[in-house]
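**Student:** There's a structure below that I have some questions on.
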Amino acid sequence: MKNYHLSGIAAFATKKVFSAMFLLALPLFAIAQTATDVVEPPKEFSLANWDWEFISYFVLAVLLILITARAFDIGALTERITGKKVVNWNATNRWIAIIFLLASVAGIWYEMVNHGKHVLIGDSYSEHGATIDSMFNWTFGFTFVVFVITEVLLFYFMFKYRYREGQKAHYYFHNNKLELVWTVVPAIVLTFLVLRGFNTWTKITAEKPKDAQEIEVFAYQFGWKARYAGADNKFGSHHFTFISGKNPLGLAVQDHVDSLLADLKKDTALLNKQIASAGDSAKAWKAAFVKFNTGSNATAYPAVYKELKTKMEDAESGSYLRQLKKDLRRKNTTITRITTYRKNQDVFNNAGNDDKITTEIVLVKGKSYTFNFRARDVIHSAWFPDFRGQMNVVPGMATWFSFVPTKTTEEARADKGNKDFDFYLYCNKICGGAHYNMKIKITVVGSDAEYNTWLATQTPFVAPPVAAPAEGMTPAQDSSSIVKPNTVTIR
Ligand SMILES: [Cu+2]
């Protein structure tokens, strides 16, 4: 071709190499990310921390590309001077296309064999899990076959219908039959996949299995708590206004709610006093600031200076008073809510006293469980990857998920050849800064006896009353023998 333009060829070649590099680099980067197990703390900026080996390879690659582009330029120049074709581009590109196709297939194969275990989810350990996996396999199978056919055709057509001199392209406008085929076939396949998914999901979530043991799963920024019903097999009521440091799940337990109300009333009394004397405190802060701000104090103690100045300014501008009033309003609202809820509902029936709040979930293999979810603050999502379950956890909305674990933790460890393996329930909704750390361990045991042993080690929310000592015996003085109320605090 006489009219090949030098810079045109160079640009074309460079672009081709670059896009190939990107295409190959992206999955490699993704795999490298998932393969990293250890999270390293951020390093301080220092040239010594740079990966000089990688940088030198990168520079070398850029140089190679530039040299290649230059070589193309030379070839094209030679073409122009001699009038003879140096490279037959149409013939070369068709083979590059085939090589690219084969290299991609080999690359995918290599990555799946060597790093596939980092991205694949592993065996399922719940009864319904097999259906989910089968659905995944069908979807993957269909799309994979279509993907392979279209990609092979794409590169083969590039090979077959390359430009030849004197050959004219066929003008092809419309074909009803073809349109029909590639509309109807995907429609049928998609209908099958979607209906199957819909059916499966409906079956899994239609209604709570009647024989299932219920466990409450409570989500908060950033962690999980589980609640098991006590000996009465009944869960105590709860309300979000009852939540306090000592009552993280807001259980309706009279003593806790009373002491929360008392605390709130003490707070509001203090706030009222502070509001009444806000004018005096403005004067006091000013006096303190003037007294401090002499000589070189301001430069010698900048932190104290800044604090006093801010306090004085806040007091003078009225923002201190506004803050106090805002706090008071908030606390009064909470008091009203608590008293209203207390009056209207017969919730203090002591059902929650023996509930057990745990930092681990223990299940028995082969038994049916329903997890009732509750969120304290924002939307979370409960994800049981090994049990193929996921459900949103939304403040103010009751959601649940049921499954039957099919193997114990020990059996799963043996399956995987990993003695450290554990099941976890993760948060799968980016809910804030420490979302990545939000998980709770699930242990599946083989027998009721093991489960009961574990449950016995968990303290009830309210300590049972200590039995009166038998006559003639002195009451136990050892404080460690007294069961303390379970005060799981939320970080
Ligand atoms: Cu979360």
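As shown in the structure tokens, the chain order sets the letters A, B, ...; within each chain, residues go from 1, and ligands are also counted from 1 in the order they appear.
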What are the closest atom pairs, with distances in Å to one decimal, for each residue of chain A lying within 6 Å of ligand 1, using only C-alpha atoms and all ligand atoms, rows by chain and rising residue number, as JSON lines?

**Tutor:**
```
{"residue": "A:His380", "atom": "CA", "partner": "ligand 1", "partner_atom_place_in_ligand_line": "1 (Cu)", "distance": 4.2}
{"residue": "A:Cys427", "atom": "CA", "partner": "ligand 1", "partner_atom_place_in_ligand_line": "1 (Cu)", "distance": 4.6}
{"residue": "A:Lys429", "atom": "CA", "partner": "ligand 1", "partner_atom_place_in_ligand_line": "1 (Cu)", "distance": 5.6}
{"residue": "A:Cys431", "atom": "CA", "partner": "ligand 1", "partner_atom_place_in_ligand_line": "1 (Cu)", "distance": 4.5}
{"residue": "A:His435", "atom": "CA", "partner": "ligand 1", "partner_atom_place_in_ligand_line": "1 (Cu)", "distance": 5.2}
```

**Student:** Which residues, written as a list in words, have at least one atom at most 9 Å from Met135 (chain A), with only C-alpha atoms counted and residues fewer than 6 positions away on the same chain left out?

**Tutor:**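 That gives Leu193, Arg196, Gly197 and Thr200 of chain A.
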
**Student:** May I ask which of the residues A:Asn88, A:Thr340, A:Ser281, A:Ser124 is the closest one to Glu165 (chain A), counting only C-alpha atoms?

**Tutor:**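 Distance minimum relative to Glu165 (chain A) lands on A:Asn88.
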
**Student:** Could you name the residues that touch Thr241 (chain A) at 9 Å or less, counting only C-alpha atoms, but leaving out those on the same chain fewer than 2 positions away, as a short mmCIF file (atom, residue, chain, number, x, y, z; two decimals) with C-alpha atoms, in the first residue's frame?

**Tutor:**
```cif
data_model
loop_
_atom_site.label_atom_id
_atom_site.label_comp_id
_atom_site.auth_asym_id
_atom_site.auth_seq_id
_atom_site.Cartn_x
_atom_site.Cartn_y
_atom_site.Cartn_z
CA HIS A 238 -37.03 -5.13 72.44
CA HIS A 239 -37.25 -1.52 71.39
CA ILE A 243 -30.59 0.57 73.70
CA SER A 244 -27.86 1.66 76.10
CA GLY A 250 -32.43 -2.77 73.67
CA THR A 334 -35.98 9.81 74.11
CA ILE A 335 -37.65 10.03 77.54
CA ARG A 337 -40.54 7.71 73.51
CA ILE A 338 -39.53 5.33 76.27
CA TYR A 341 -43.71 2.68 74.62
#
```

**Student:** Write down as a compact mmCIF listing (two decimals) with C-alpha atoms, in the first residue's frame the residues belonging to region 166-350 of chain A that are assigned helix (DSSP H, G or I) by DSSP computed on the backbone.

**Tutor:**
```txt
# COMPACT_ATOMS: atom_id res chain seq x y z
CA ASN A 176 -35.52 -11.00 9.12
CA LYS A 177 -34.62 -14.61 9.81
CA LEU A 178 -31.35 -13.64 11.49
CA GLU A 179 -33.07 -10.95 13.57
CA LEU A 180 -35.66 -13.47 14.69
CA VAL A 181 -33.07 -16.08 15.67
CA TRP A 182 -30.91 -13.77 17.75
CA THR A 183 -33.92 -12.28 19.51
CA VAL A 184 -35.90 -15.42 20.24
CA VAL A 185 -33.05 -17.73 21.29
CA PRO A 186 -31.62 -15.40 23.98
CA ALA A 187 -35.19 -14.60 25.12
CA ILE A 188 -35.93 -18.29 25.69
CA VAL A 189 -32.61 -18.90 27.45
CA LEU A 190 -33.01 -15.83 29.69
CA THR A 191 -36.61 -16.73 30.55
CA PHE A 192 -35.44 -20.16 31.63
CA LEU A 193 -32.62 -18.74 33.78
CA VAL A 194 -34.74 -15.97 35.35
CA LEU A 195 -37.74 -18.19 36.08
CA ARG A 196 -35.54 -20.80 37.67
CA GLY A 197 -33.92 -18.13 39.86
CA PHE A 198 -37.31 -16.71 40.80
CA ASN A 199 -38.62 -20.16 41.70
CA THR A 200 -35.59 -21.06 43.77
CA TRP A 201 -35.63 -17.78 45.69
CA THR A 202 -39.36 -18.08 46.37
CA LYS A 203 -38.88 -21.60 47.67
CA ILE A 204 -36.02 -20.58 49.98
CA THR A 205 -37.76 -17.49 51.36
CA PHE A 240 -34.62 0.72 69.89
CA THR A 241 -35.09 3.42 72.55
CA PHE A 242 -34.05 0.89 75.22
CA GLN A 254 -37.43 -3.52 83.61
CA ASP A 255 -34.28 -2.78 85.63
CA HIS A 256 -32.28 -1.74 82.59
CA VAL A 257 -34.98 0.51 81.22
CA ASP A 258 -35.57 2.06 84.66
CA SER A 259 -31.89 2.85 85.12
CA LEU A 260 -31.70 4.22 81.57
CA LEU A 261 -34.66 6.52 82.32
CA ALA A 262 -33.08 7.58 85.62
CA ASP A 263 -29.81 8.39 83.83
CA LEU A 264 -31.63 10.38 81.17
CA LYS A 265 -33.55 12.34 83.81
CA LYS A 266 -30.31 13.09 85.66
CA ASP A 267 -28.81 14.31 82.39
CA THR A 268 -31.75 16.58 81.60
CA ALA A 269 -31.66 18.05 85.12
CA LEU A 270 -27.98 18.85 84.66
CA LEU A 271 -28.63 20.33 81.20
CA ASN A 272 -31.41 22.52 82.61
CA LYS A 273 -29.03 23.79 85.28
CA GLN A 274 -26.33 24.48 82.68
CA ILE A 275 -28.81 26.33 80.47
CA ALA A 276 -29.95 28.48 83.39
CA ALA A 278 -25.17 29.80 80.62
CA GLY A 279 -24.83 33.60 81.03
CA ASP A 280 -22.60 33.13 84.09
CA SER A 281 -20.47 30.52 82.35
CA ALA A 282 -19.91 32.93 79.43
CA LYS A 283 -18.54 35.45 81.95
CA ALA A 284 -16.48 32.74 83.66
CA TRP A 285 -14.88 31.55 80.42
CA LYS A 286 -14.05 35.13 79.48
CA ALA A 287 -12.47 35.75 82.89
CA ALA A 288 -10.49 32.52 82.62
CA PHE A 289 -9.27 33.45 79.17
CA VAL A 290 -8.22 36.98 80.24
CA LYS A 291 -6.45 35.60 83.29
CA PHE A 292 -4.59 33.00 81.24
CA ASN A 297 1.28 31.89 78.08
CA ALA A 298 -0.37 31.91 74.65
CA THR A 299 2.82 30.83 72.88
CA ALA A 300 4.02 28.53 75.68
CA PRO A 302 -0.96 26.90 72.52
CA ALA A 303 -3.40 24.00 73.17
CA VAL A 304 -4.75 25.57 76.37
CA TYR A 305 -4.94 28.97 74.70
CA LYS A 306 -6.91 27.54 71.79
CA GLU A 307 -9.32 25.64 74.02
CA LEU A 308 -10.04 28.61 76.28
CA LYS A 309 -10.49 30.89 73.29
CA THR A 310 -12.95 28.48 71.61
CA LYS A 311 -14.95 28.04 74.84
CA MET A 312 -15.10 31.81 75.36
CA GLU A 313 -16.15 32.48 71.77
CA ASP A 314 -18.76 29.68 71.81
CA ALA A 315 -20.20 31.06 75.03
CA GLU A 316 -20.26 34.64 73.67
CA SER A 317 -21.79 33.75 70.30
CA SER A 319 -23.47 28.40 70.18
CA TYR A 320 -22.70 26.82 73.58
CA LEU A 321 -26.27 27.55 74.70
CA ARG A 322 -27.71 26.26 71.44
CA GLN A 323 -25.81 23.00 71.84
CA LEU A 324 -27.11 22.56 75.39
CA LYS A 325 -30.67 23.15 74.23
CA LYS A 326 -30.25 20.70 71.37
CA ASP A 327 -28.97 18.02 73.75
CA LEU A 328 -31.89 18.69 76.08
CA ARG A 329 -34.43 18.35 73.27
CA ARG A 330 -32.88 15.08 72.15
CA LYS A 331 -32.89 13.57 75.64
CA ASN A 332 -36.44 14.72 76.30
CA THR A 333 -37.59 13.10 73.07
CA THR A 334 -35.98 9.81 74.11
CA ILE A 335 -37.65 10.03 77.54
CA THR A 336 -41.04 10.62 75.90
CA ARG A 337 -40.54 7.71 73.51
CA ILE A 338 -39.53 5.33 76.27
CA THR A 339 -42.40 6.28 78.58
CA THR A 340 -44.94 6.09 75.75
CA TYR A 341 -43.71 2.68 74.62
CA ARG A 342 -43.66 1.44 78.20
CA LYS A 343 -47.20 2.58 78.82
CA ASN A 344 -48.65 1.19 75.61
```

**Student:** Can you list, as a PyMOL selection string, every protein, DNA or RNA residue that comes within 12 Å of region 345-358 of chain A when you count only C-alpha atoms, leaving out same-chain residues fewer than 5 positions away?

**Tutor:** chain A and resi 215-218+223-239+242+246-258+338-340+440-442+454-465+485-490

**Student:** Could you write out the selected residues, including C-alpha atoms, as an mmCIF file, in the first residue's frame?

**Tutor:**
```cif
data_model
loop_
_atom_site.group_PDB
_atom_site.id
_atom_site.type_symbol
_atom_site.label_atom_id
_atom_site.label_comp_id
_atom_site.auth_asym_id
_atom_site.auth_seq_id
_atom_site.Cartn_x
_atom_site.Cartn_y
_atom_site.Cartn_z
ATOM 1 C CA ILE A 215 -31.769 -17.012 66.423
ATOM 2 C CA GLU A 216 -31.714 -13.237 66.441
ATOM 3 C CA VAL A 217 -28.824 -11.661 64.570
ATOM 4 C CA PHE A 218 -28.150 -8.044 65.435
ATOM 5 C CA GLY A 223 -20.061 -5.958 64.296
ATOM 6 C CA TRP A 224 -22.664 -8.635 64.957
ATOM 7 C CA LYS A 225 -24.296 -10.062 68.040
ATOM 8 C CA ALA A 226 -26.488 -13.159 68.214
ATOM 9 C CA ARG A 227 -29.305 -13.762 70.688
ATOM 10 C CA TYR A 228 -30.535 -17.179 71.751
ATOM 11 C CA ALA A 229 -33.785 -17.617 73.670
ATOM 12 C CA GLY A 230 -33.296 -18.858 77.236
ATOM 13 C CA ALA A 231 -34.767 -21.867 78.999
ATOM 14 C CA ASP A 232 -38.325 -20.560 78.412
ATOM 15 C CA ASN A 233 -37.617 -20.792 74.650
ATOM 16 C CA LYS A 234 -39.124 -17.308 74.239
ATOM 17 C CA PHE A 235 -37.396 -14.170 73.061
ATOM 18 C CA GLY A 236 -37.909 -11.066 75.144
ATOM 19 C CA SER A 237 -39.304 -7.958 73.444
ATOM 20 C CA HIS A 238 -37.026 -5.130 72.444
ATOM 21 C CA HIS A 239 -37.255 -1.520 71.386
ATOM 22 C CA PHE A 242 -34.053 0.892 75.222
ATOM 23 C CA LYS A 246 -25.411 -1.991 79.221
ATOM 24 C CA ASN A 247 -28.310 -3.052 77.019
ATOM 25 C CA PRO A 248 -26.835 -3.104 73.497
ATOM 26 C CA LEU A 249 -29.805 -4.912 71.926
ATOM 27 C CA GLY A 250 -32.432 -2.766 73.668
ATOM 28 C CA LEU A 251 -34.148 -5.656 75.458
ATOM 29 C CA ALA A 252 -37.283 -4.878 77.439
ATOM 30 C CA VAL A 253 -35.871 -5.611 80.877
ATOM 31 C CA GLN A 254 -37.432 -3.518 83.612
ATOM 32 C CA ASP A 255 -34.276 -2.780 85.625
ATOM 33 C CA HIS A 256 -32.285 -1.745 82.593
ATOM 34 C CA VAL A 257 -34.982 0.512 81.218
ATOM 35 C CA ASP A 258 -35.569 2.064 84.661
ATOM 36 C CA ILE A 338 -39.527 5.331 76.274
ATOM 37 C CA THR A 339 -42.397 6.284 78.583
ATOM 38 C CA THR A 340 -44.937 6.094 75.754
ATOM 39 C CA ILE A 440 -19.086 -13.208 63.343
ATOM 40 C CA LYS A 441 -17.907 -16.815 63.558
ATOM 41 C CA ILE A 442 -20.351 -19.648 62.939
ATOM 42 C CA TRP A 454 -21.616 -24.342 74.588
ATOM 43 C CA LEU A 455 -24.939 -22.670 75.429
ATOM 44 C CA ALA A 456 -24.379 -23.411 79.128
ATOM 45 C CA THR A 457 -21.188 -21.334 79.026
ATOM 46 C CA GLN A 458 -23.133 -18.284 77.816
ATOM 47 C CA THR A 459 -24.484 -16.053 80.559
ATOM 48 C CA PRO A 460 -28.138 -14.984 80.540
ATOM 49 C CA PHE A 461 -28.825 -11.266 80.052
ATOM 50 C CA VAL A 462 -30.128 -10.894 83.604
ATOM 51 C CA ALA A 463 -28.492 -12.965 86.338
ATOM 52 C CA PRO A 464 -30.921 -15.440 87.895
ATOM 53 C CA PRO A 465 -31.665 -14.696 91.567
ATOM 54 C CA PRO A 485 -25.439 -9.723 84.295
ATOM 55 C CA ASN A 486 -24.266 -10.094 80.759
ATOM 56 C CA THR A 487 -22.978 -6.690 79.797
ATOM 57 C CA VAL A 488 -21.758 -7.051 76.250
ATOM 58 C CA THR A 489 -20.642 -3.602 75.266
ATOM 59 C CA ILE A 490 -20.615 -2.440 71.710
#
```

**Student:** Enumerate as a PyMOL selection string all residues of region 316-378 of chain A assigned to strand (DSSP E or B) by DSSP on the backbone, naming them with the chain letters and numbers the document uses.

**Tutor:** chain A and resi 356-358+361-364+369-375

**Student:** Choose the residue, out of A:Gly166, A:Gly83, A:Gly446, A:Pro209, that has the smallest atom-to-atom separation from Lys365 (chain A); count only C-alpha atoms.

**Tutor:**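 Under the stated criterion, the closest residue is A:Gly446.
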
**Student:** Out of A:Val119, A:Val148, A:Ile430, A:Thr92, which residue has the shortest atom-to-atom distance to Arg162 (chain A) when counting only C-alpha atoms?

**Tutor:**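 Closest to Arg162 (chain A) of all the choices is A:Thr92.
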
**Student:** So how many Å separate CA of Lys210 (chain A) and CA of Thr370 (chain A), to one decimal?

**Tutor:**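 So the two atoms, CA of Lys210 (chain A) and CA of Thr370 (chain A), lie 9.5 Å apart.
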